[in-house]
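Visitor: One file: input-v5.csv (CSV, C-alpha atoms).
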chain,number,residue,atom,x,y,z
A,1,MET,CA,-66.3,13.4,-34.8
A,2,ALA,CA,-63.6,11.6,-36.8
A,3,ALA,CA,-64.5,10.7,-40.4
A,4,TYR,CA,-65.0,7.0,-41.3
A,5,GLY,CA,-61.9,5.4,-42.9
A,6,ARG,CA,-59.5,7.4,-40.8
A,7,LYS,CA,-57.6,6.4,-37.7
A,8,SER,CA,-57.9,8.6,-34.6
A,9,GLY,CA,-54.7,10.0,-33.0
A,10,ALA,CA,-54.7,7.2,-30.4
A,11,GLN,CA,-55.1,4.5,-33.0
A,12,GLY,CA,-52.3,5.9,-35.1
A,13,ALA,CA,-49.9,6.0,-32.2
A,14,THR,CA,-50.8,2.4,-31.3
A,15,ALA,CA,-50.1,1.3,-34.9
A,16,ALA,CA,-46.8,3.1,-34.9
A,17,ARG,CA,-45.8,1.5,-31.6
A,18,ARG,CA,-46.6,-2.0,-33.0
A,19,ARG,CA,-44.4,-1.3,-36.1
A,20,ARG,CA,-41.5,-0.4,-33.8
A,21,LEU,CA,-42.0,-3.7,-31.8
A,22,ASP,CA,-41.8,-6.1,-34.7
A,23,PRO,CA,-40.3,-9.4,-33.6
A,24,VAL,CA,-36.5,-9.7,-34.0
A,25,PRO,CA,-35.7,-12.5,-36.4
A,26,ASP,CA,-34.1,-15.7,-35.0
A,27,LEU,CA,-30.3,-16.1,-34.8
A,28,GLU,CA,-30.0,-18.2,-38.0
A,29,GLU,CA,-32.1,-15.8,-40.0
A,30,PHE,CA,-30.1,-12.9,-38.7
A,31,LEU,CA,-26.8,-14.5,-39.6
A,32,ASP,CA,-28.1,-15.3,-43.1
A,33,ARG,CA,-29.0,-11.6,-43.5
A,34,SER,CA,-25.6,-10.5,-42.3
A,35,GLY,CA,-23.9,-12.0,-45.3
A,36,PRO,CA,-20.5,-13.9,-45.5
A,37,GLY,CA,-17.9,-13.3,-42.9
A,38,ALA,CA,-20.4,-12.1,-40.3
A,39,GLY,CA,-20.7,-15.4,-38.4
A,40,PRO,CA,-19.2,-16.1,-34.9
A,41,PRO,CA,-15.4,-16.2,-34.6
A,42,GLN,CA,-13.9,-19.6,-35.4
A,43,ASP,CA,-12.4,-21.6,-32.5
A,44,PRO,CA,-8.6,-22.0,-32.6
A,45,VAL,CA,-7.2,-25.2,-34.1
A,46,CYS,CA,-4.3,-27.1,-32.6
A,47,ASP,CA,-1.0,-25.7,-33.8
A,48,VAL,CA,0.5,-29.1,-34.5
A,49,PRO,CA,0.7,-29.5,-38.3
A,50,GLY,CA,-1.9,-31.9,-39.6
A,51,CYS,CA,-4.0,-31.9,-36.4
A,52,GLY,CA,-7.5,-30.5,-36.9
A,53,GLU,CA,-8.6,-30.8,-33.3
A,54,PRO,CA,-9.7,-27.7,-31.4
A,55,GLY,CA,-6.8,-25.8,-29.8
A,56,GLU,CA,-8.4,-25.4,-26.4
A,57,HIS,CA,-5.2,-25.4,-24.3
A,58,ARG,CA,-2.5,-22.8,-24.1
A,59,ALA,CA,1.2,-23.6,-23.7
A,60,PRO,CA,4.1,-21.1,-23.5
A,61,LYS,CA,6.5,-20.9,-26.5
A,62,ASP,CA,9.5,-20.0,-24.3
A,63,ARG,CA,10.3,-19.1,-20.7
A,64,THR,CA,9.4,-15.4,-21.2
A,65,LEU,CA,5.8,-16.6,-21.1
A,66,SER,CA,4.9,-13.8,-23.5
A,67,SER,CA,3.4,-15.9,-26.3
A,68,TYR,CA,1.6,-19.2,-26.5
A,69,PHE,CA,0.8,-22.2,-28.7
A,70,ARG,CA,-2.7,-23.5,-28.9
A,71,PHE,CA,-2.9,-27.3,-28.6
A,72,CYS,CA,-5.5,-30.0,-28.3
A,73,LEU,CA,-5.5,-32.1,-25.1
A,74,GLU,CA,-3.3,-34.9,-26.5
A,75,HIS,CA,-0.7,-32.6,-27.9
A,76,VAL,CA,-0.6,-30.2,-24.9
A,77,ARG,CA,0.1,-33.2,-22.7
A,78,ALA,CA,3.0,-34.3,-24.9
A,79,TYR,CA,4.3,-30.7,-25.0
A,80,ASN,CA,4.2,-30.3,-21.3
A,81,LYS,CA,5.9,-33.6,-20.7
A,82,ALA,CA,8.8,-32.5,-22.9
A,83,TRP,CA,8.9,-28.9,-21.7
A,84,ASN,CA,12.2,-27.8,-20.0
A,85,TYR,CA,12.1,-24.3,-18.6
A,86,TYR,CA,15.9,-24.2,-18.1
A,87,ALA,CA,16.8,-25.3,-21.6
A,88,GLY,CA,19.8,-23.3,-22.9
A,89,MET,CA,20.7,-21.9,-19.5
A,90,SER,CA,24.1,-22.4,-17.8
A,91,GLU,CA,24.4,-23.9,-14.3
A,92,ALA,CA,25.1,-20.4,-12.9
A,93,GLU,CA,22.0,-19.0,-14.6
A,94,ILE,CA,19.9,-21.9,-13.3
A,95,GLU,CA,21.2,-21.4,-9.8
A,96,ALA,CA,20.4,-17.7,-9.9
A,97,GLN,CA,17.0,-18.3,-11.2
A,98,LEU,CA,16.2,-20.8,-8.5
A,99,ARG,CA,17.4,-18.4,-5.8
A,100,THR,CA,15.2,-15.6,-7.1
A,101,SER,CA,12.2,-17.9,-7.6
A,102,THR,CA,12.2,-19.0,-4.0
A,103,ILE,CA,11.5,-15.4,-2.9
A,104,TRP,CA,9.1,-14.6,-5.8
A,105,ASP,CA,11.6,-12.5,-7.7
A,106,ARG,CA,11.5,-9.8,-5.0
A,107,PRO,CA,14.6,-7.8,-3.8
A,108,THR,CA,16.3,-8.8,-0.6
A,109,TRP,CA,19.1,-7.7,1.7
A,110,ARG,CA,21.1,-9.2,4.5
A,111,MET,CA,19.6,-9.7,8.0
A,112,GLY,CA,20.0,-6.6,10.2
A,113,GLY,CA,19.9,-4.2,7.3
A,114,THR,CA,17.1,-2.3,5.6
A,115,GLY,CA,18.5,-2.2,2.0
A,116,HIS,CA,19.0,1.5,2.0
A,117,GLY,CA,22.2,1.4,0.0
A,118,VAL,CA,24.8,-1.1,-1.3
A,119,GLY,CA,27.9,-1.0,0.9
A,120,GLN,CA,26.3,1.0,3.7
A,121,ASP,CA,26.1,-0.1,7.3
A,122,PRO,CA,22.7,-1.4,8.3
A,123,ARG,CA,20.4,0.9,10.2
A,124,ARG,CA,17.8,0.1,12.8
A,125,PHE,CA,14.2,0.3,11.7
A,126,SER,CA,12.4,3.4,12.9
A,127,PRO,CA,8.7,4.4,12.9
A,128,GLU,CA,9.8,7.6,11.2
A,129,TYR,CA,10.2,5.6,8.0
A,130,LEU,CA,6.4,5.0,7.8
A,131,ARG,CA,3.8,7.3,6.4
A,132,ASP,CA,1.2,7.5,9.2
A,133,PRO,CA,-1.5,10.1,8.3
A,134,LEU,CA,-3.8,8.7,11.0
A,135,GLY,CA,-1.2,8.8,13.8
A,136,ILE,CA,-1.5,5.1,14.5
A,137,PHE,CA,2.2,4.9,15.3
A,138,ALA,CA,2.5,8.3,17.1
A,139,ALA,CA,3.2,6.6,20.5
A,140,ALA,CA,6.0,4.5,18.9
A,141,ARG,CA,7.5,7.6,17.3
A,142,GLU,CA,7.4,9.4,20.6
A,143,ALA,CA,9.0,6.5,22.4
A,144,GLU,CA,11.8,6.4,19.7
A,145,ARG,CA,12.5,10.1,20.1
A,146,ARG,CA,12.6,9.7,23.8
A,147,ARG,CA,15.1,6.9,23.6
A,148,GLU,CA,17.2,9.0,21.2
A,149,HIS,CA,17.2,12.0,23.6
A,150,GLU,CA,18.0,9.8,26.6
A,151,ALA,CA,20.9,8.3,24.7
A,152,ALA,CA,22.2,11.8,23.9
A,153,SER,CA,21.6,13.1,27.5
A,154,PRO,CA,24.6,13.2,29.8
A,155,PHE,CA,22.3,12.4,32.8
A,156,ALA,CA,21.3,9.0,34.1
A,157,ARG,CA,17.8,7.9,33.4
A,158,ASP,CA,16.7,8.1,37.0
A,159,SER,CA,18.7,11.2,37.9
A,160,LYS,CA,17.1,14.4,39.3
A,161,GLU,CA,18.2,16.2,36.1
A,162,THR,CA,16.3,13.8,33.9
A,163,ARG,CA,13.3,14.0,36.1
A,164,ALA,CA,13.5,17.8,36.0
A,165,LEU,CA,13.6,17.7,32.1
A,166,GLY,CA,10.5,15.5,32.1
A,167,GLU,CA,8.7,17.7,34.5
A,168,LEU,CA,9.3,20.7,32.3
A,169,GLU,CA,8.6,18.6,29.1
A,170,LEU,CA,12.0,19.5,27.7
A,171,THR,CA,14.8,17.5,26.1
A,172,TRP,CA,18.6,17.9,26.5
A,173,PRO,CA,20.3,20.0,25.4
A,174,VAL,CA,18.3,23.1,26.2
A,175,SER,CA,19.3,26.8,26.2
A,176,ARG,CA,18.7,29.2,29.1
A,177,GLU,CA,16.2,31.1,27.0
A,178,ASP,CA,14.2,28.0,26.2
A,179,LEU,CA,14.3,26.9,29.8
A,180,ARG,CA,13.0,30.2,31.1
A,181,ALA,CA,10.3,30.4,28.4
A,182,ARG,CA,9.1,27.0,29.2
A,183,TYR,CA,9.1,27.7,33.0
A,184,ARG,CA,7.0,30.9,32.5
A,185,VAL,CA,4.4,29.0,30.4
A,186,LEU,CA,4.0,26.2,33.0
A,187,VAL,CA,4.1,28.5,36.0
A,188,LYS,CA,1.3,30.5,34.5
A,189,ARG,CA,-0.7,27.4,33.7
A,190,TYR,CA,-0.4,25.7,37.0
A,191,HIS,CA,-0.3,28.7,39.4
A,192,PRO,CA,-2.8,28.1,42.3
A,193,ASP,CA,-4.5,31.4,41.7
A,194,ALA,CA,-5.3,30.4,38.1
A,195,ASN,CA,-6.8,27.1,39.3
A,196,ASN,CA,-9.0,28.1,42.2
A,197,GLY,CA,-6.5,26.8,44.7
A,198,ALA,CA,-6.7,23.2,43.3
A,199,LYS,CA,-4.4,20.9,45.3
A,200,GLU,CA,-3.2,19.0,42.2
A,201,ALA,CA,-2.3,22.3,40.4
A,202,GLU,CA,-0.5,23.4,43.5
A,203,GLU,CA,1.6,20.2,43.7
A,204,ARG,CA,2.5,20.5,40.0
A,205,PHE,CA,3.5,24.1,40.5
A,206,LYS,CA,5.9,23.1,43.2
A,207,ARG,CA,7.5,20.4,41.1
A,208,ILE,CA,7.9,22.8,38.2
A,209,SER,CA,9.6,25.3,40.4
A,210,GLU,CA,12.0,22.7,41.8
A,211,ALA,CA,12.8,21.4,38.3
A,212,TYR,CA,13.6,24.9,37.1
A,213,ARG,CA,15.9,25.3,40.2
A,214,VAL,CA,17.7,22.1,39.3
A,215,LEU,CA,18.3,22.9,35.6
A,216,LEU,CA,19.1,26.6,35.7
A,217,PRO,CA,22.7,26.2,36.9
A,218,LEU,CA,23.3,23.6,34.1
A,219,VAL,CA,22.3,25.6,31.1
A,220,SER,CA,24.5,28.2,29.3
A,221,ALA,CA,23.6,31.9,29.3
Output the file's structure in the form of structure tokens.
Guide:
Amino acid sequence: MAAYGRKSGAQGATAARRRRLDPVPDLEEFLDRSGPGAGPPQDPVCDVPGCGEPGEHRAPKDRTLSSYFRFCLEHVRAYNKAWNYYAGMSEAEIEAQLRTSTIWDRPTWRMGGTGHGVGQDPRRFSPEYLRDPLGIFAAAREAERRREHEAASPFARDSKETRALGELELTWPVSREDLRARYRVLVKRYHPDANNGAKEAEERFKRISEAYRVLLPLVSA
């Protein structure tokens, strides 16, 4: 049994907790305790000499917009009315500034070009210029490559030679070794014996053989 005049362990803990939770003094008392210079920051005063009104409004000191005056409402209105962004600039400088301001100070180049170099001929836009980790423009890139190969090919688009290249999934120019290697791969893949006699595989096998026959005389040894 605990002796009279002493606090039990639970009572002592409760008293200690109460001491920790003493009420915080109100703001005015707290500021008085903090001493001089610990009060809230003073609001800026209008920069016009002799004006003691609050400087609640900012106004740029020059056109660099890097530093500002603080004015009251009356004086900021007067300052803005007299403000001239182009003060001290020549007509040529003003014209140049107006031109760049209309396009948000961004670089530009002539229509038909891509800005890839001063004095260079413009080049056509290509999907190859884009970073496309998700392959969204893969079809566009493939179409672009196909157009380039067709432009470099000596055969007409609807000629039997062009159809033969497409059947073998090749592009011109092609070597004899590449032609034979591609033919062997496709023949093995679409041979009727390897596809349980499937009619579709048999038809593809025939087209591959015919394409190889068309292209073989055209390639160098």
Visitor: Can you tell me, as an mmCIF file with C-alpha atoms, in the coordinates of the input, what residues are no more than 10 Å from region 201-218 of chain A when counting only C-alpha atoms, ignoring any on the same chain fewer than 5 positions away?
Guide:
data_model
loop_
_atom_site.group_PDB
_atom_site.id
_atom_site.type_symbol
_atom_site.label_atom_id
_atom_site.label_comp_id
_atom_site.auth_asym_id
_atom_site.auth_seq_id
_atom_site.Cartn_x
_atom_site.Cartn_y
_atom_site.Cartn_z
ATOM 1 C CA LYS A 160 17.100 14.400 39.300
ATOM 2 C CA GLU A 161 18.200 16.200 36.100
ATOM 3 C CA THR A 162 16.300 13.800 33.900
ATOM 4 C CA ARG A 163 13.300 14.000 36.100
ATOM 5 C CA ALA A 164 13.500 17.800 36.000
ATOM 6 C CA LEU A 165 13.600 17.700 32.100
ATOM 7 C CA GLY A 166 10.500 15.500 32.100
ATOM 8 C CA GLU A 167 8.700 17.700 34.500
ATOM 9 C CA LEU A 168 9.300 20.700 32.300
ATOM 10 C CA PRO A 173 20.300 20.000 25.400
ATOM 11 C CA VAL A 174 18.300 23.100 26.200
ATOM 12 C CA SER A 175 19.300 26.800 26.200
ATOM 13 C CA ARG A 176 18.700 29.200 29.100
ATOM 14 C CA LEU A 179 14.300 26.900 29.800
ATOM 15 C CA ARG A 180 13.000 30.200 31.100
ATOM 16 C CA ARG A 182 9.100 27.000 29.200
ATOM 17 C CA TYR A 183 9.100 27.700 33.000
ATOM 18 C CA ARG A 184 7.000 30.900 32.500
ATOM 19 C CA LEU A 186 4.000 26.200 33.000
ATOM 20 C CA VAL A 187 4.100 28.500 36.000
ATOM 21 C CA LYS A 188 1.300 30.500 34.500
ATOM 22 C CA ARG A 189 -0.700 27.400 33.700
ATOM 23 C CA TYR A 190 -0.400 25.700 37.000
ATOM 24 C CA HIS A 191 -0.300 28.700 39.400
ATOM 25 C CA PRO A 192 -2.800 28.100 42.300
ATOM 26 C CA ASP A 193 -4.500 31.400 41.700
ATOM 27 C CA ALA A 194 -5.300 30.400 38.100
ATOM 28 C CA ASN A 195 -6.800 27.100 39.300
ATOM 29 C CA ASN A 196 -9.000 28.100 42.200
#
Visitor: What separation in Å, quoted to one decimal, exists between CA of Glu200 (chain A) and CA of Ala138 (chain A)?
Guide: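 These atoms are spaced 27.9 Å apart.
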Visitor: Near Asp47 (chain A), within 7 Å and counting only C-alpha atoms, which residues show up once chain neighbours fewer than 4 positions away are dropped, as an MDAnalysis selection string?
Guide: chainID A and resid 69:71
Visitor: Record the distance separating CA of Trp104 (chain A) and CA of Leu65 (chain A), expressed in Å with one decimal.
Guide: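 So the answer is 15.8 Å.
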Visitor: How many Å separate CA of Asp158 (chain A) from CA of Arg145 (chain A)?
Guide: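 Rounded to one decimal, the two atoms are 17.5 Å apart.
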Visitor: In terms of the shortest atom-to-atom distance over only C-alpha atoms, which of A:Ala140, A:Ala181, A:Ile103, A:Leu170 is closest to Ser153 (chain A)?
Guide: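 Looking only at the distances to Ser153 (chain A), the closest residue turns out to be A:Leu170.
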